[in-house]
>>> print(open('start-v1.cif').read())   # mmCIF, C-alpha atoms
data_protein
loop_
_atom_site.label_atom_id
_atom_site.label_comp_id
_atom_site.auth_asym_id
_atom_site.auth_seq_id
_atom_site.Cartn_x
_atom_site.Cartn_y
_atom_site.Cartn_z
CA ASN A 1 -54.04 154.86 1.79
CA ILE A 2 -53.71 151.86 4.09
CA ARG A 3 -56.94 149.95 4.66
CA HIS A 4 -56.66 148.79 8.28
CA SER A 5 -59.33 146.63 9.87
CA LEU A 6 -60.27 146.92 13.55
CA PHE A 7 -60.67 143.16 13.87
CA ASP A 8 -57.74 142.90 16.35
CA VAL A 9 -58.57 146.11 18.27
CA GLU A 10 -60.21 145.88 21.72
CA GLN A 11 -61.02 149.58 22.07
CA VAL A 12 -60.22 153.02 20.65
CA GLU A 13 -59.03 155.78 23.00
CA VAL A 14 -59.12 159.45 22.00
CA LEU A 15 -57.34 162.25 23.86
CA ARG A 16 -58.19 165.74 22.64
CA GLY A 17 -56.05 168.83 22.97
CA PRO A 18 -52.35 169.65 23.46
CA SER A 19 -51.98 167.21 26.39
CA ALA A 20 -51.47 164.58 23.67
CA ILE A 21 -47.84 165.74 23.54
CA LEU A 22 -47.22 163.49 26.57
CA TYR A 23 -47.94 160.37 24.51
CA GLY A 24 -47.11 161.11 20.87
CA LYS A 25 -45.22 163.33 18.44
CA GLY A 26 -46.69 166.55 19.75
CA ASP A 27 -49.72 167.10 17.51
CA PRO A 28 -51.77 169.85 19.23
CA GLY A 29 -55.14 168.51 18.05
CA GLY A 30 -54.99 165.27 20.02
CA ILE A 31 -54.07 161.63 19.67
CA VAL A 32 -55.84 158.33 18.95
CA ASN A 33 -54.70 155.11 20.63
CA LEU A 34 -55.75 151.69 19.31
CA VAL A 35 -55.69 149.11 22.11
CA SER A 36 -54.98 145.60 20.80
CA LYS A 37 -56.92 142.56 21.92
CA MET A 38 -55.15 140.77 24.77
CA PRO A 39 -55.22 137.09 25.89
CA THR A 40 -58.46 135.97 27.52
CA ALA A 41 -58.72 134.24 30.90
CA GLU A 42 -60.92 131.51 29.39
CA THR A 43 -60.66 129.74 26.03
CA TYR A 44 -62.29 131.92 23.39
CA ALA A 45 -62.96 131.39 19.68
CA GLU A 46 -65.00 133.36 17.14
CA ALA A 47 -65.21 133.10 13.35
CA THR A 48 -66.91 135.61 11.04
CA PHE A 49 -67.90 135.29 7.40
CA ARG A 50 -69.67 138.02 5.41
CA ALA A 51 -70.56 138.32 1.73
CA LYS A 52 -72.33 141.33 0.22
CA SER A 53 -72.73 143.62 -2.78
CA TYR A 54 -74.22 147.11 -2.99
CA PHE A 55 -74.30 150.19 -5.21
CA ASN A 56 -74.91 153.83 -4.34
CA GLY A 57 -75.96 156.13 -7.19
CA ASP A 58 -78.63 157.07 -9.69
CA SER A 59 -79.51 155.22 -12.87
CA ASN A 60 -76.78 157.01 -14.83
CA GLY A 61 -74.16 156.47 -12.16
CA TYR A 62 -72.96 160.08 -12.07
CA ARG A 63 -74.29 161.08 -8.64
CA ASN A 64 -73.20 159.55 -5.34
CA MET A 65 -71.31 156.96 -7.34
CA GLY A 66 -69.86 154.09 -5.37
CA GLY A 67 -70.37 150.54 -4.23
CA ILE A 68 -68.74 147.14 -4.05
CA TYR A 69 -69.44 143.77 -5.63
CA ASP A 70 -68.67 140.25 -4.48
CA ASN A 71 -67.23 141.41 -1.16
CA GLN A 72 -66.02 138.49 0.96
CA TYR A 73 -64.87 139.00 4.55
CA ILE A 74 -63.47 136.16 6.68
CA ALA A 75 -62.07 136.67 10.20
CA LEU A 76 -60.87 134.41 13.03
CA ASP A 77 -60.33 135.41 16.66
CA VAL A 78 -59.04 132.89 19.26
CA GLY A 79 -57.55 133.30 22.72
CA GLY A 80 -56.92 131.60 26.02
CA GLN A 81 -54.26 130.37 28.44
CA LEU A 82 -51.43 127.98 27.53
CA THR A 83 -50.21 127.72 31.15
CA ASP A 84 -51.01 129.38 34.47
CA THR A 85 -48.71 132.28 33.55
CA LEU A 86 -48.80 132.35 29.73
CA GLY A 87 -51.74 133.55 27.63
CA TYR A 88 -52.26 134.01 23.90
CA ARG A 89 -54.47 135.80 21.36
CA PHE A 90 -54.52 135.18 17.61
CA ASN A 91 -56.42 137.10 14.93
CA ALA A 92 -56.57 136.68 11.15
CA VAL A 93 -58.68 138.39 8.49
CA ASN A 94 -59.07 138.33 4.72
CA ASP A 95 -61.18 141.05 3.08
CA SER A 96 -61.55 141.22 -0.72
CA SER A 97 -63.95 142.85 -3.14
CA ASP A 98 -64.49 143.86 -6.75
CA GLY A 99 -65.38 147.47 -7.48
CA TRP A 100 -68.24 148.98 -9.42
CA ARG A 101 -65.83 149.85 -12.24
CA ASP A 102 -64.28 147.30 -14.57
CA PHE A 103 -60.97 145.81 -13.32
CA VAL A 104 -61.18 147.67 -9.98
CA GLY A 105 -61.02 145.96 -6.58
CA TYR A 106 -58.96 145.33 -3.45
CA GLN A 107 -57.67 142.60 -1.17
CA TYR A 108 -56.59 143.04 2.44
CA ARG A 109 -55.01 140.31 4.61
CA ASP A 110 -53.86 140.63 8.21
CA ILE A 111 -52.46 138.21 10.79
CA SER A 112 -51.65 139.28 14.35
CA GLY A 113 -50.73 137.52 17.55
CA VAL A 114 -50.04 138.24 21.22
CA LEU A 115 -48.21 136.26 23.92
CA GLN A 116 -48.36 137.52 27.50
CA TRP A 117 -46.26 136.20 30.41
CA ASN A 118 -46.98 137.00 34.03
CA LEU A 119 -43.37 136.87 35.21
CA THR A 120 -44.25 137.66 38.82
CA GLU A 121 -47.24 139.09 40.64
CA SER A 122 -46.03 142.58 39.73
CA GLN A 123 -44.21 142.07 36.39
CA ARG A 124 -45.63 141.18 33.00
CA LEU A 125 -44.06 140.78 29.54
CA THR A 126 -46.16 141.12 26.37
CA ILE A 127 -44.94 140.19 22.88
CA GLN A 128 -46.99 141.39 19.90
CA GLY A 129 -46.57 140.84 16.19
CA SER A 130 -48.57 141.51 13.02
CA ILE A 131 -48.16 141.05 9.29
CA TYR A 132 -50.49 142.47 6.67
CA ASP A 133 -50.57 143.19 2.99
CA GLN A 134 -52.96 145.22 0.91
CA VAL A 135 -53.46 145.44 -2.86
CA ASP A 136 -55.97 147.76 -4.50
CA THR A 137 -56.53 149.33 -7.92
CA GLN A 138 -55.55 152.91 -8.61
CA ASP A 139 -58.80 154.37 -10.00
CA ARG A 140 -58.79 158.06 -10.95
CA GLY A 141 -62.41 158.10 -12.10
CA LEU A 142 -63.89 159.60 -15.26
CA VAL A 143 -61.95 162.06 -17.37
CA ALA A 144 -63.49 165.41 -18.37
CA PHE A 145 -62.45 166.61 -21.84
CA ASN A 146 -62.68 170.40 -22.11
CA GLY A 147 -64.70 170.39 -18.90
CA VAL A 148 -67.32 167.92 -20.18
CA PHE A 149 -67.74 164.32 -19.03
CA PRO A 150 -68.05 161.84 -21.92
CA ASP A 151 -71.25 159.87 -22.39
CA VAL A 152 -69.89 156.45 -21.41
CA PRO A 153 -71.12 153.63 -19.15
CA ARG A 154 -70.58 154.23 -15.43
CA ASP A 155 -68.31 151.19 -15.09
CA THR A 156 -65.78 152.43 -17.70
CA PHE A 157 -62.21 152.28 -16.36
CA TYR A 158 -59.66 154.63 -17.96
CA GLY A 159 -56.59 153.11 -16.32
CA ALA A 160 -54.57 150.01 -17.13
CA ARG A 161 -55.34 146.58 -15.72
CA TRP A 162 -52.00 146.65 -13.90
CA ASN A 163 -52.78 149.90 -12.05
CA ARG A 164 -52.28 149.10 -8.37
CA ASN A 165 -51.27 150.23 -4.92
CA LYS A 166 -49.49 147.55 -2.88
CA THR A 167 -48.47 147.79 0.77
CA ASP A 168 -46.64 145.21 2.90
CA PHE A 169 -46.37 145.95 6.61
CA GLN A 170 -44.76 144.09 9.53
CA ARG A 171 -44.75 145.10 13.17
CA ALA A 172 -43.23 143.60 16.33
CA ALA A 173 -43.34 144.96 19.88
CA ALA A 174 -42.21 143.95 23.37
CA ILE A 175 -43.86 145.58 26.41
CA TRP A 176 -42.63 145.17 29.98
CA ASP A 177 -44.95 146.29 32.81
CA TRP A 178 -43.79 146.55 36.41
CA HIS A 179 -46.32 147.61 39.06
CA LEU A 180 -44.33 148.90 42.02
CA SER A 181 -47.34 150.01 44.08
CA ASP A 182 -50.98 151.08 43.70
CA GLY A 183 -49.90 154.51 42.49
CA LEU A 184 -46.58 153.79 40.77
CA ALA A 185 -45.79 151.67 37.71
CA VAL A 186 -43.02 151.39 35.12
CA LYS A 187 -43.64 150.53 31.48
CA ASN A 188 -41.02 150.01 28.77
CA THR A 189 -41.88 149.41 25.11
CA ILE A 190 -39.69 148.36 22.18
CA ASN A 191 -41.39 148.69 18.80
CA LEU A 192 -40.22 147.77 15.28
CA GLU A 193 -42.18 148.58 12.11
CA LEU A 194 -41.30 147.79 8.49
CA CYS A 195 -43.37 149.07 5.58
CA ASP A 196 -42.89 148.60 1.84
CA THR A 197 -45.15 150.33 -0.70
CA ASP A 198 -45.37 150.12 -4.48
CA HIS A 199 -47.53 152.34 -6.68
CA THR A 200 -47.99 151.82 -10.42
CA SER A 201 -50.57 153.65 -12.53
CA LEU A 202 -51.45 154.74 -16.04
CA ARG A 203 -53.93 157.61 -16.29
CA VAL A 204 -55.68 159.44 -19.13
CA GLN A 205 -55.71 163.26 -19.00
CA ASP A 206 -57.23 165.88 -21.27
CA LYS A 207 -53.66 166.88 -22.24
CA GLY A 208 -52.36 163.39 -22.84
CA ILE A 209 -51.44 160.21 -21.06
CA GLY A 210 -49.39 160.11 -17.87
CA GLY A 211 -47.59 157.12 -16.32
CA PRO A 212 -46.43 154.66 -15.38
CA LEU A 213 -45.33 156.11 -12.04
CA HIS A 214 -43.43 154.31 -9.29
CA ALA A 215 -43.19 155.53 -5.69
#
>>> encode(input="start-v1.cif", output="structure tokens")
Amino acid sequence: NIRHSLFDVEQVEVLRGPSAILYGKGDPGGIVNLVSKMPTAETYAEATFRAKSYFNGDSNGYRNMGGIYDNQYIALDVGGQLTDTLGYRFNAVNDSSDGWRDFVGYQYRDISGVLQWNLTESQRLTIQGSIYDQVDTQDRGLVAFNGVFPDVPRDTFYGARWNRNKTDFQRAAAIWDWHLSDGLAVKNTINLELCDTDHTSLRVQDKGIGGPLHA
């Protein structure tokens, strides 16, 4: 349940079929590759701010329920060249919102950076790093007692205020490219990923109360 923004992604590549075994863990259905934004040849800067609220559903809130309130999205994207052989790219985003139920919402923050050295005309070293954290409310929806939904307001929340899912993720990578000729190249990648998750919830069931749970 990781909410990952595409703010630092240049393009998405999709390879269908069993040939994906050449690039991944061997899933026969295919593979998806997210290509990160790389340093730009010229100085580049872009800032984005967005605020919105919306609700999907009927007047009773029991059909097509959903929506967000007080959503605030802020993103920064800068890049350029520090020297003739060293380029950079930096991205940061903060995305937060309240939900359409009481005490429900999320916050997502991500910072990523890239440094790229042209060591020679044929060799290049790329260093990438990213840190992000995500906190959202564990919302299990309305509870049906004996198969019947209670007549309560649509924004009623049956969990505890401290219900949450929290994820902290860090990633670092070093990529060395060596172009030997027009048809031959060597690429080595070292990748390190650290992920810490915490899940706490209290839920109401028709047979009692379950929780808290930790995973």
>>> residues_near_point(input="start-v1.cif", point="(-55.6, 148.6, 24.0)", cutoff="9 Å", atoms="all atoms listed in the file", output="PyMOL selection string")
chain A and resi 9-13+33-38
>>> residues_around(input="start-v1.cif", residues="stretch 102-110 of chain A", least_positions_apart="2", cutoff="9 Å", atoms="only C-alpha atoms", output="VMD selection string")
chain A and resid 3 to 5 68 to 69 91 to 100 112 130 to 139 155 to 157 160 to 161 163
>>> resolve_selection(input="start-v1.cif", expression="the PyMOL selection byres ((chain A and resi 28) around 9)", output="list in words")
Arg16, Gly17, Pro18, Ser19, Ala20, Ile21, Gly26, Asp27, Gly29, Gly30 and Ile31 of chain A
>>> write_last_selection(input="start-v1.cif", atoms="C-alpha atoms", output="PDB file, in the coordinates of the input")
ATOM      1  CA  ARG A  16     -58.190 165.740  22.640  1.00  0.00           C
ATOM      2  CA  GLY A  17     -56.050 168.830  22.970  1.00  0.00           C
ATOM      3  CA  PRO A  18     -52.350 169.650  23.460  1.00  0.00           C
ATOM      4  CA  SER A  19     -51.980 167.210  26.390  1.00  0.00           C
ATOM      5  CA  ALA A  20     -51.470 164.580  23.670  1.00  0.00           C
ATOM      6  CA  ILE A  21     -47.840 165.740  23.540  1.00  0.00           C
ATOM      7  CA  GLY A  26     -46.690 166.550  19.750  1.00  0.00           C
ATOM      8  CA  ASP A  27     -49.720 167.100  17.510  1.00  0.00           C
ATOM      9  CA  GLY A  29     -55.140 168.510  18.050  1.00  0.00           C
ATOM     10  CA  GLY A  30     -54.990 165.270  20.020  1.00  0.00           C
ATOM     11  CA  ILE A  31     -54.070 161.630  19.670  1.00  0.00           C
TER      12      ILE A  31
END
>>> closest_atom_pairs(input="start-v1.cif", of="stretch 66-122 of chain A", to="stretch 169-180 of chain A", cutoff="12 Å", atoms="only C-alpha atoms", output="Markdown table")
| residue | atom | partner | partner_atom | distance |
| --- | --- | --- | --- | --- |
| A:Tyr108 | CA | A:Phe169 | CA | 11.4 |
| A:Arg109 | CA | A:Phe169 | CA | 10.5 |
| A:Asp110 | CA | A:Phe169 | CA | 9.3 |
| A:Ile111 | CA | A:Gln170 | CA | 9.8 |
| A:Ser112 | CA | A:Arg171 | CA | 9.1 |
| A:Gly113 | CA | A:Ala172 | CA | 9.7 |
| A:Val114 | CA | A:Ala173 | CA | 9.6 |
| A:Leu115 | CA | A:Ala174 | CA | 9.8 |
| A:Gln116 | CA | A:Ile175 | CA | 9.3 |
| A:Trp117 | CA | A:Trp176 | CA | 9.7 |
| A:Asn118 | CA | A:Asp177 | CA | 9.6 |
| A:Leu119 | CA | A:Trp178 | CA | 9.8 |
| A:Thr120 | CA | A:Trp178 | CA | 9.2 |
| A:Glu121 | CA | A:His179 | CA | 8.7 |
| A:Ser122 | CA | A:His179 | CA | 5.1 |
>>> atom_distance(input="start-v1.cif", atom1="atom CA of A:Tyr73", atom2="atom CA of A:Leu6")
12.8 Å
>>> closest_residue(input="start-v1.cif", among="A:Thr48, A:Ser201, A:Ser53, A:Gln123", to="A:Arg164", atoms="all atoms listed in the file")
A:Ser201
>>> atom_distance(input="start-v1.cif", atom1="atom CA of A:Ala144", atom2="atom CA of A:Asp198")
27.5 Å
>>> atom_distance(input="start-v1.cif", atom1="atom CA of A:Leu76", atom2="atom CA of A:Arg124")
26.0 Å
>>> closest_residue(input="start-v1.cif", among="A:Arg50, A:Thr40, A:Tyr158, A:Ala45", to="A:Gly80", atoms="only C-alpha atoms")
A:Thr40
>>> closest_residue(input="start-v1.cif", among="A:Gly159, A:Phe49, A:Gly129, A:Asp84", to="A:Leu192", atoms="only C-alpha atoms")
A:Gly129
>>> axis_aligned_box(input="start-v1.cif", around="stretch 134-148 of chain A", padding_each_side="6 Å", output="AutoDock Vina command-line options")
--center_x -60.1 --center_y 157.8 --center_z -10.6 --size_x 26.4 --size_y 37.2 --size_z 35.0
>>> decode(input="start-v1.cif", residues="stretch 120-141 of chain A", atoms="N, CA and C atoms", output="PDB file, in the first residue's frame")
ATOM      1  N   THR A 120      34.740   9.865 -18.905  1.00  0.00           N
ATOM      2  CA  THR A 120      35.435  10.001 -20.183  1.00  0.00           C
ATOM      3  C   THR A 120      34.373  10.116 -21.269  1.00  0.00           C
ATOM      4  N   GLU A 121      34.788  10.136 -22.509  1.00  0.00           N
ATOM      5  CA  GLU A 121      33.818  10.181 -23.600  1.00  0.00           C
ATOM      6  C   GLU A 121      32.982   8.912 -23.672  1.00  0.00           C
ATOM      7  N   SER A 122      33.470   7.831 -23.106  1.00  0.00           N
ATOM      8  CA  SER A 122      32.760   6.551 -23.203  1.00  0.00           C
ATOM      9  C   SER A 122      32.286   6.010 -21.853  1.00  0.00           C
ATOM     10  N   GLN A 123      32.657   6.654 -20.740  1.00  0.00           N
ATOM     11  CA  GLN A 123      32.290   6.147 -19.421  1.00  0.00           C
ATOM     12  C   GLN A 123      31.518   7.212 -18.634  1.00  0.00           C
ATOM     13  N   ARG A 124      30.501   6.732 -17.924  1.00  0.00           N
ATOM     14  CA  ARG A 124      29.651   7.637 -17.156  1.00  0.00           C
ATOM     15  C   ARG A 124      29.251   6.969 -15.844  1.00  0.00           C
ATOM     16  N   LEU A 125      29.274   7.748 -14.749  1.00  0.00           N
ATOM     17  CA  LEU A 125      28.893   7.262 -13.425  1.00  0.00           C
ATOM     18  C   LEU A 125      27.698   8.070 -12.931  1.00  0.00           C
ATOM     19  N   THR A 126      26.635   7.362 -12.533  1.00  0.00           N
ATOM     20  CA  THR A 126      25.415   8.003 -12.044  1.00  0.00           C
ATOM     21  C   THR A 126      25.142   7.559 -10.612  1.00  0.00           C
ATOM     22  N   ILE A 127      24.948   8.522  -9.725  1.00  0.00           N
ATOM     23  CA  ILE A 127      24.605   8.257  -8.322  1.00  0.00           C
ATOM     24  C   ILE A 127      23.186   8.755  -8.075  1.00  0.00           C
ATOM     25  N   GLN A 128      22.327   7.878  -7.573  1.00  0.00           N
ATOM     26  CA  GLN A 128      20.937   8.226  -7.298  1.00  0.00           C
ATOM     27  C   GLN A 128      20.591   7.940  -5.848  1.00  0.00           C
ATOM     28  N   GLY A 129      19.734   8.754  -5.283  1.00  0.00           N
ATOM     29  CA  GLY A 129      19.274   8.526  -3.919  1.00  0.00           C
ATOM     30  C   GLY A 129      17.879   9.084  -3.721  1.00  0.00           C
ATOM     31  N   SER A 130      17.089   8.449  -2.867  1.00  0.00           N
ATOM     32  CA  SER A 130      15.741   8.936  -2.574  1.00  0.00           C
ATOM     33  C   SER A 130      15.344   8.537  -1.158  1.00  0.00           C
ATOM     34  N   ILE A 131      14.566   9.405  -0.549  1.00  0.00           N
ATOM     35  CA  ILE A 131      14.025   9.170   0.790  1.00  0.00           C
ATOM     36  C   ILE A 131      12.556   9.570   0.764  1.00  0.00           C
ATOM     37  N   TYR A 132      11.693   8.674   1.209  1.00  0.00           N
ATOM     38  CA  TYR A 132      10.288   9.081   1.319  1.00  0.00           C
ATOM     39  C   TYR A 132       9.604   8.402   2.497  1.00  0.00           C
ATOM     40  N   ASP A 133       8.597   9.074   2.981  1.00  0.00           N
ATOM     41  CA  ASP A 133       7.781   8.519   4.059  1.00  0.00           C
ATOM     42  C   ASP A 133       6.315   8.773   3.747  1.00  0.00           C
ATOM     43  N   GLN A 134       5.502   7.871   4.215  1.00  0.00           N
ATOM     44  CA  GLN A 134       4.063   7.914   3.949  1.00  0.00           C
ATOM     45  C   GLN A 134       3.309   7.521   5.209  1.00  0.00           C
ATOM     46  N   VAL A 135       2.291   8.302   5.556  1.00  0.00           N
ATOM     47  CA  VAL A 135       1.421   7.996   6.684  1.00  0.00           C
ATOM     48  C   VAL A 135      -0.022   8.136   6.219  1.00  0.00           C
ATOM     49  N   ASP A 136      -0.822   7.108   6.409  1.00  0.00           N
ATOM     50  CA  ASP A 136      -2.240   7.194   6.076  1.00  0.00           C
ATOM     51  C   ASP A 136      -3.066   6.436   7.104  1.00  0.00           C
ATOM     52  N   THR A 137      -4.350   6.712   7.135  1.00  0.00           N
ATOM     53  CA  THR A 137      -5.258   6.122   8.119  1.00  0.00           C
ATOM     54  C   THR A 137      -5.794   4.790   7.624  1.00  0.00           C
ATOM     55  N   GLN A 138      -5.793   3.817   8.516  1.00  0.00           N
ATOM     56  CA  GLN A 138      -6.385   2.520   8.199  1.00  0.00           C
ATOM     57  C   GLN A 138      -7.897   2.628   8.353  1.00  0.00           C
ATOM     58  N   ASP A 139      -8.620   2.652   7.237  1.00  0.00           N
ATOM     59  CA  ASP A 139     -10.075   2.821   7.241  1.00  0.00           C
ATOM     60  C   ASP A 139     -10.714   1.584   6.642  1.00  0.00           C
ATOM     61  N   ARG A 140     -11.452   0.834   7.448  1.00  0.00           N
ATOM     62  CA  ARG A 140     -12.086  -0.409   6.988  1.00  0.00           C
ATOM     63  C   ARG A 140     -13.530  -0.205   6.569  1.00  0.00           C
ATOM     64  N   GLY A 141     -13.996   1.047   6.545  1.00  0.00           N
ATOM     65  CA  GLY A 141     -15.331   1.326   6.043  1.00  0.00           C
ATOM     66  C   GLY A 141     -16.426   1.069   7.061  1.00  0.00           C
TER      67      GLY A 141
END
